[in-house]
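Colleague: First, the structure itself, so that you have it in front of you.
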Amino acid sequence: MRVTQSMLSSNMLRNLSNSYGKMSTLQDQINTGKKITRPSQDPVIATKGIGYRTDLSKVEQYQRNLGEVNNWLDSSDDALDHVGQAVIRLQELVTDAANGSKTSDDREKIKVEITQIRKQIQDLGNTKVGDKYIFSGTNTLTPLHDGTKFSDSLISTGLEKEVKMEVYDGVEINVNTTGIKLFSEIDAMLGKIETSLGDGSEGTVIGGYLSEISNMQNSVLEKRADIGARQNRVEMMENRLASQEIIATKRMSENEDIDYEKAITEMITQESIHTAALSVGSKIIQATLVDFIR
């Protein structure tokens, strides 16, 4: 095959164009820190990158969910802590009222404080996180106490149901504490104590409520222990998600990020090759009539 000057020139221009293209790619990589800037450059890297970003996005969503879970559990535990303190104070007042030396006026004063404790516990039963009542089961938009009485669990079956949030693939945690039974029982007990204090009952009758108060204290502690167990599980899930976030970020970096030292070395090498190609090319192109005239 006869090689002409035109063919030499065309090959030289094509090689120079390819060289410019390689230098442009390397420059983009160094500027962006990424192996590719368009999916068409490497569909495999692009596809894997989408997968890793999806994994990372899911981890971030689960972490936000855990933040909401912690909000519910912390608020529930705090409310029950105040309920427990109120029941302890109730125990002190009932013990004092059971003293046979107490007059009716003394017991009336004790009754006034117990009435305030009852109202406080009713308010705690209506504790909210955002716009949701946390002790009302799945009836999160309905207060547990409507200002007159606690809701009827037989009518509102959602009061006994659990509110769950997803914190990992296929893993859900119960975030609420059903409170209708506990709060209604405490309220009923307080109502009986108020009645006994107001109708002149004997000290022995009033003292008889102490065992019931003790049972209510145990019930509050059981609820708080259950919350504590779930808080421990949430902490373990937070650690697991933190590990998954690190793993997903590392894999995404390995898939997409360049090795700067390698890229810079390749850039310098390509520039040397390009310079050599220009030098050789200048010798390939024959002198024209204009060169001779000059």
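Simple scheme: letters A, B, ... for chains in structure tokens order, numbers from 1 for residues in each chain, numbers from 1 for ligands in the order shown.
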Determine which residues of region 73-294 of chain A receive a DSSP assignment of strand (DSSP E), computed from the backbone, and state them as JSON, numbers by chain.
Modeller: {"A": [128, 129, 132, 133, 164, 165, 166, 167, 168, 171, 172, 173, 174]}
Colleague: Would you save the residues of that selection, restricted to N, CA, C and O atoms, as a CSV table (one decimal), in the first residue's frame?
Modeller:
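What landed in selection.csv:
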```
chain,number,residue,atom,x,y,z
A,128,LYS,N,-47.5,14.9,74.5
A,128,LYS,CA,-47.4,14.9,73.0
A,128,LYS,C,-45.9,15.0,72.6
A,128,LYS,O,-45.1,15.6,73.2
A,129,VAL,N,-45.7,14.4,71.4
A,129,VAL,CA,-44.4,14.6,70.7
A,129,VAL,C,-44.9,15.2,69.3
A,129,VAL,O,-45.5,14.6,68.5
A,132,LYS,N,-48.6,14.6,68.2
A,132,LYS,CA,-49.1,13.3,68.4
A,132,LYS,C,-49.1,12.9,69.9
A,132,LYS,O,-48.1,13.2,70.6
A,133,TYR,N,-50.2,12.3,70.4
A,133,TYR,CA,-50.3,11.9,71.8
A,133,TYR,C,-49.6,10.5,71.9
A,133,TYR,O,-50.0,9.6,71.2
A,164,LYS,N,-45.2,1.6,65.4
A,164,LYS,CA,-43.9,1.1,65.0
A,164,LYS,C,-43.2,2.0,64.0
A,164,LYS,O,-43.9,2.6,63.2
A,165,MET,N,-41.9,2.0,64.0
A,165,MET,CA,-41.1,2.7,63.0
A,165,MET,C,-40.0,1.8,62.5
A,165,MET,O,-39.4,1.1,63.3
A,166,GLU,N,-39.8,1.9,61.2
A,166,GLU,CA,-38.8,1.1,60.6
A,166,GLU,C,-37.4,1.7,60.8
A,166,GLU,O,-37.2,2.9,60.5
A,167,VAL,N,-36.5,0.9,61.4
A,167,VAL,CA,-35.1,1.5,61.7
A,167,VAL,C,-34.0,0.7,60.9
A,167,VAL,O,-32.8,1.1,61.0
A,168,TYR,N,-34.4,-0.3,60.1
A,168,TYR,CA,-33.5,-1.0,59.2
A,168,TYR,C,-34.3,-1.8,58.3
A,168,TYR,O,-35.5,-2.0,58.5
A,171,VAL,N,-36.7,-4.3,59.9
A,171,VAL,CA,-36.6,-4.2,61.3
A,171,VAL,C,-37.4,-3.0,61.8
A,171,VAL,O,-37.2,-1.8,61.4
A,172,GLU,N,-38.4,-3.3,62.7
A,172,GLU,CA,-39.2,-2.2,63.2
A,172,GLU,C,-39.1,-2.2,64.8
A,172,GLU,O,-38.9,-3.2,65.4
A,173,ILE,N,-39.3,-1.0,65.3
A,173,ILE,CA,-39.2,-0.9,66.8
A,173,ILE,C,-40.5,-0.2,67.3
A,173,ILE,O,-40.9,0.8,66.7
A,174,ASN,N,-41.1,-0.7,68.3
A,174,ASN,CA,-42.3,-0.1,68.9
A,174,ASN,C,-41.8,1.1,69.7
A,174,ASN,O,-41.0,1.1,70.6
```
Colleague: Please provide as a PyMOL selection string all residues within 12 Å of Leu190 (chain A), with the sequence filter that same-chain residues fewer than 3 positions apart are discarded (counting only C-alpha atoms).
Modeller: chain A and resi 86-87+90-91+93-94+111-122+183-187+193-197+206+209-210+212-213+216
Colleague: Produce a file of the selected residues containing N, CA and C atoms, as a JSON list (two decimals), in the first residue's frame.
Modeller:
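Produced file selection.json, reproduced below:
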```
[["chain", "number", "residue", "atom", "x", "y", "z"],
["A", 86, "ALA", "N", -45.08, 11.60, 91.29],
["A", 86, "ALA", "CA", -46.40, 11.98, 91.81],
["A", 86, "ALA", "C", -46.97, 10.87, 92.69],
["A", 87, "VAL", "N", -46.76, 9.61, 92.29],
["A", 87, "VAL", "CA", -47.28, 8.48, 93.08],
["A", 87, "VAL", "C", -46.52, 8.38, 94.40],
["A", 90, "LEU", "N", -47.99, 10.90, 96.53],
["A", 90, "LEU", "CA", -49.31, 10.41, 96.95],
["A", 90, "LEU", "C", -49.17, 9.45, 98.12],
["A", 91, "GLN", "N", -48.16, 8.57, 98.04],
["A", 91, "GLN", "CA", -47.94, 7.62, 99.13],
["A", 91, "GLN", "C", -47.64, 8.34, 100.44],
["A", 93, "LEU", "N", -48.61, 11.37, 101.24],
["A", 93, "LEU", "CA", -49.83, 12.06, 101.72],
["A", 93, "LEU", "C", -50.82, 11.07, 102.33],
["A", 94, "VAL", "N", -50.99, 9.92, 101.70],
["A", 94, "VAL", "CA", -51.94, 8.92, 102.23],
["A", 94, "VAL", "C", -51.45, 8.38, 103.56],
["A", 111, "LYS", "N", -56.47, 16.33, 100.80],
["A", 111, "LYS", "CA", -57.30, 16.03, 99.64],
["A", 111, "LYS", "C", -57.08, 17.06, 98.53],
["A", 112, "VAL", "N", -56.93, 18.34, 98.89],
["A", 112, "VAL", "CA", -56.71, 19.39, 97.89],
["A", 112, "VAL", "C", -55.43, 19.11, 97.11],
["A", 113, "GLU", "N", -54.38, 18.71, 97.81],
["A", 113, "GLU", "CA", -53.12, 18.42, 97.11],
["A", 113, "GLU", "C", -53.26, 17.18, 96.23],
["A", 114, "ILE", "N", -53.97, 16.17, 96.73],
["A", 114, "ILE", "CA", -54.16, 14.95, 95.94],
["A", 114, "ILE", "C", -54.96, 15.24, 94.67],
["A", 115, "THR", "N", -55.92, 16.16, 94.78],
["A", 115, "THR", "CA", -56.69, 16.57, 93.60],
["A", 115, "THR", "C", -55.77, 17.17, 92.54],
["A", 116, "GLN", "N", -54.80, 17.97, 92.99],
["A", 116, "GLN", "CA", -53.85, 18.56, 92.06],
["A", 116, "GLN", "C", -52.93, 17.49, 91.45],
["A", 117, "ILE", "N", -52.56, 16.51, 92.24],
["A", 117, "ILE", "CA", -51.76, 15.39, 91.73],
["A", 117, "ILE", "C", -52.54, 14.63, 90.66],
["A", 118, "ARG", "N", -53.82, 14.46, 90.91],
["A", 118, "ARG", "CA", -54.67, 13.76, 89.93],
["A", 118, "ARG", "C", -54.71, 14.51, 88.61],
["A", 119, "LYS", "N", -54.87, 15.83, 88.69],
["A", 119, "LYS", "CA", -54.89, 16.63, 87.47],
["A", 119, "LYS", "C", -53.54, 16.58, 86.75],
["A", 120, "GLN", "N", -52.45, 16.57, 87.53],
["A", 120, "GLN", "CA", -51.12, 16.50, 86.95],
["A", 120, "GLN", "C", -50.94, 15.19, 86.17],
["A", 121, "ILE", "N", -51.40, 14.10, 86.75],
["A", 121, "ILE", "CA", -51.27, 12.80, 86.09],
["A", 121, "ILE", "C", -52.16, 12.73, 84.85],
["A", 122, "GLN", "N", -53.31, 13.37, 84.90],
["A", 122, "GLN", "CA", -54.17, 13.44, 83.70],
["A", 122, "GLN", "C", -53.46, 14.18, 82.58],
["A", 183, "PHE", "N", -52.84, 4.70, 83.31],
["A", 183, "PHE", "CA", -53.35, 6.01, 83.72],
["A", 183, "PHE", "C", -54.78, 5.94, 84.25],
["A", 184, "SER", "N", -55.61, 5.10, 83.63],
["A", 184, "SER", "CA", -57.01, 5.00, 84.10],
["A", 184, "SER", "C", -57.07, 4.35, 85.48],
["A", 185, "GLU", "N", -56.19, 3.38, 85.75],
["A", 185, "GLU", "CA", -56.17, 2.72, 87.06],
["A", 185, "GLU", "C", -55.69, 3.69, 88.14],
["A", 186, "ILE", "N", -54.66, 4.45, 87.83],
["A", 186, "ILE", "CA", -54.16, 5.45, 88.80],
["A", 186, "ILE", "C", -55.23, 6.50, 89.06],
["A", 187, "ASP", "N", -55.90, 6.93, 88.00],
["A", 187, "ASP", "CA", -56.94, 7.96, 88.15],
["A", 187, "ASP", "C", -58.10, 7.44, 88.99],
["A", 193, "ILE", "N", -59.52, 7.63, 96.70],
["A", 193, "ILE", "CA", -58.84, 8.24, 97.85],
["A", 193, "ILE", "C", -59.46, 9.60, 98.17],
["A", 194, "GLU", "N", -59.77, 10.38, 97.14],
["A", 194, "GLU", "CA", -60.41, 11.69, 97.35],
["A", 194, "GLU", "C", -61.75, 11.51, 98.06],
["A", 195, "THR", "N", -62.49, 10.51, 97.64],
["A", 195, "THR", "CA", -63.80, 10.26, 98.25],
["A", 195, "THR", "C", -63.65, 9.90, 99.73],
["A", 196, "SER", "N", -62.70, 9.02, 100.01],
["A", 196, "SER", "CA", -62.49, 8.58, 101.40],
["A", 196, "SER", "C", -62.04, 9.73, 102.28],
["A", 197, "LEU", "N", -61.21, 10.61, 101.72],
["A", 197, "LEU", "CA", -60.76, 11.75, 102.50],
["A", 197, "LEU", "C", -61.88, 12.75, 102.74],
["A", 206, "ILE", "N", -58.25, 4.61, 104.95],
["A", 206, "ILE", "CA", -57.35, 5.40, 104.10],
["A", 206, "ILE", "C", -56.01, 4.68, 103.94],
["A", 209, "TYR", "N", -55.23, 1.98, 101.23],
["A", 209, "TYR", "CA", -54.87, 2.29, 99.84],
["A", 209, "TYR", "C", -53.36, 2.18, 99.59],
["A", 210, "LEU", "N", -52.57, 2.06, 100.64],
["A", 210, "LEU", "CA", -51.12, 2.06, 100.47],
["A", 210, "LEU", "C", -50.63, 0.88, 99.64],
["A", 212, "GLU", "N", -52.30, -0.60, 97.29],
["A", 212, "GLU", "CA", -52.69, -0.31, 95.91],
["A", 212, "GLU", "C", -51.73, 0.71, 95.29],
["A", 213, "ILE", "N", -51.34, 1.69, 96.09],
["A", 213, "ILE", "CA", -50.38, 2.70, 95.62],
["A", 213, "ILE", "C", -49.05, 2.03, 95.28],
["A", 216, "MET", "N", -49.24, 0.43, 92.00],
["A", 216, "MET", "CA", -49.16, 1.41, 90.91],
["A", 216, "MET", "C", -47.70, 1.83, 90.68]]
```
Colleague: If we count only C-alpha atoms and set the cut-off at 12 Å, which residues sit around Ala229 (chain A), ignoring sequence neighbours fewer than 4 positions away in its own chain? Please answer as a ChimeraX atom specification.
Modeller: /A:73,77,173-175,222-225,233-236
Colleague: Let me see the file: selected residues, C-alpha atoms, as a PDB file, in the first residue's frame.
Modeller:
```
ATOM      1  CA  LEU A  73     -38.966   6.975  74.039  1.00  0.00           C
ATOM      2  CA  ASP A  77     -39.752   7.896  79.975  1.00  0.00           C
ATOM      3  CA  ILE A 173     -39.212  -0.879  66.796  1.00  0.00           C
ATOM      4  CA  ASN A 174     -42.253  -0.134  68.922  1.00  0.00           C
ATOM      5  CA  VAL A 175     -41.919   3.554  69.850  1.00  0.00           C
ATOM      6  CA  GLU A 222     -42.351  -1.906  84.693  1.00  0.00           C
ATOM      7  CA  LYS A 223     -43.315   0.529  81.948  1.00  0.00           C
ATOM      8  CA  ARG A 224     -40.067   2.442  82.387  1.00  0.00           C
ATOM      9  CA  ALA A 225     -38.031  -0.761  82.369  1.00  0.00           C
ATOM     10  CA  ARG A 233     -31.866  -1.638  71.388  1.00  0.00           C
ATOM     11  CA  VAL A 234     -32.057   1.729  69.649  1.00  0.00           C
ATOM     12  CA  GLU A 235     -28.500   2.485  70.758  1.00  0.00           C
ATOM     13  CA  MET A 236     -27.320  -0.792  69.207  1.00  0.00           C
TER      14      MET A 236
END
```
Colleague: With only C-alpha atoms as the basis for distance, which of A:Thr157, A:Ser76, A:Ser219, A:Ser104 is at the shortest distance from Asn126 (chain A)?
Modeller: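 Ranking A:Thr157, A:Ser76, A:Ser219, A:Ser104 by distance to Asn126 (chain A), first place goes to A:Ser76.
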Colleague: I need the residues in region 105-255 of chain A that are helix (DSSP H, G or I) according to DSSP; give them as a ChimeraX atom specification.
Modeller: /A:105-125,157-160,180-198,203-207,210-255
Colleague: Take CA of Gly125 (chain A) and CA of Gly179 (chain A) and report the distance between them in Å, one decimal.
Modeller: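 Computed distance, CA of Gly125 (chain A) to CA of Gly179 (chain A), equals 7.1 Å.
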Colleague: When distances are computed from only C-alpha atoms, which of A:Ile30, A:Leu182, A:Val163, A:Ala188 shows the smallest separation from Glu68 (chain A)?
Modeller: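 Closest to Glu68 (chain A), using only C-alpha atoms: A:Val163.
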Colleague: One number please: CA of Asp81 (chain A) to CA of Asp131 (chain A), in Å, one decimal.
Modeller: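 Between these atoms lies a distance of 21.3 Å.
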Colleague: Could you name the residues that touch Ser19 (chain A) at 12 Å or less, counting only C-alpha atoms, but leaving out those on the same chain fewer than 4 positions away, as a list of chain:residue names?
Modeller: A:Met12, A:Leu13, A:Arg14, A:Asn15, A:Met23, A:Ser24, A:Thr25, A:Leu26, A:Met267, A:Thr269, A:Gln270, A:Glu271, A:Ser272, A:Ile273, A:His274, A:Thr275, A:Ala276, A:Ala277, A:Leu278
Colleague: From the list A:Tyr52, A:Tyr260, A:Phe135, A:Tyr62, which residue is nearest Lys35 (chain A) when using only C-alpha atoms?
Modeller: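 When distances to Lys35 (chain A) are compared using only C-alpha atoms, the smallest one comes from A:Tyr260.
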Colleague: One decimal, Å: what's the distance from CA of Asn99 (chain A) over to CA of Asp123 (chain A), could you say?
Modeller: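 Value for the CA of Asn99 (chain A)-CA of Asp123 (chain A) distance: 29.9 Å.
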Colleague: For Ser214 (chain A), which residue among A:Thr95, A:Asn176, A:Gln244, A:Thr127 is the nearest when counting only C-alpha atoms?
Modeller: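 Of A:Thr95, A:Asn176, A:Gln244, A:Thr127, the one nearest Ser214 (chain A) is A:Thr95, counting only C-alpha atoms.
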Colleague: Select, from A:Gln27, A:Ser17, A:Thr177, A:Ser279, the residue with the minimum atom-to-atom distance to Ala79 (chain A), counting only C-alpha atoms.
Modeller: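 Distance minimum relative to Ala79 (chain A) lands on A:Thr177.
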Colleague: Tell me which of A:Leu241, A:Glu261, A:Asn218, A:Glu256 sits closest to Gln41 (chain A), counting only C-alpha atoms.
Modeller: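 Of A:Leu241, A:Glu261, A:Asn218, A:Glu256, the one nearest Gln41 (chain A), counting only C-alpha atoms, is A:Glu256.
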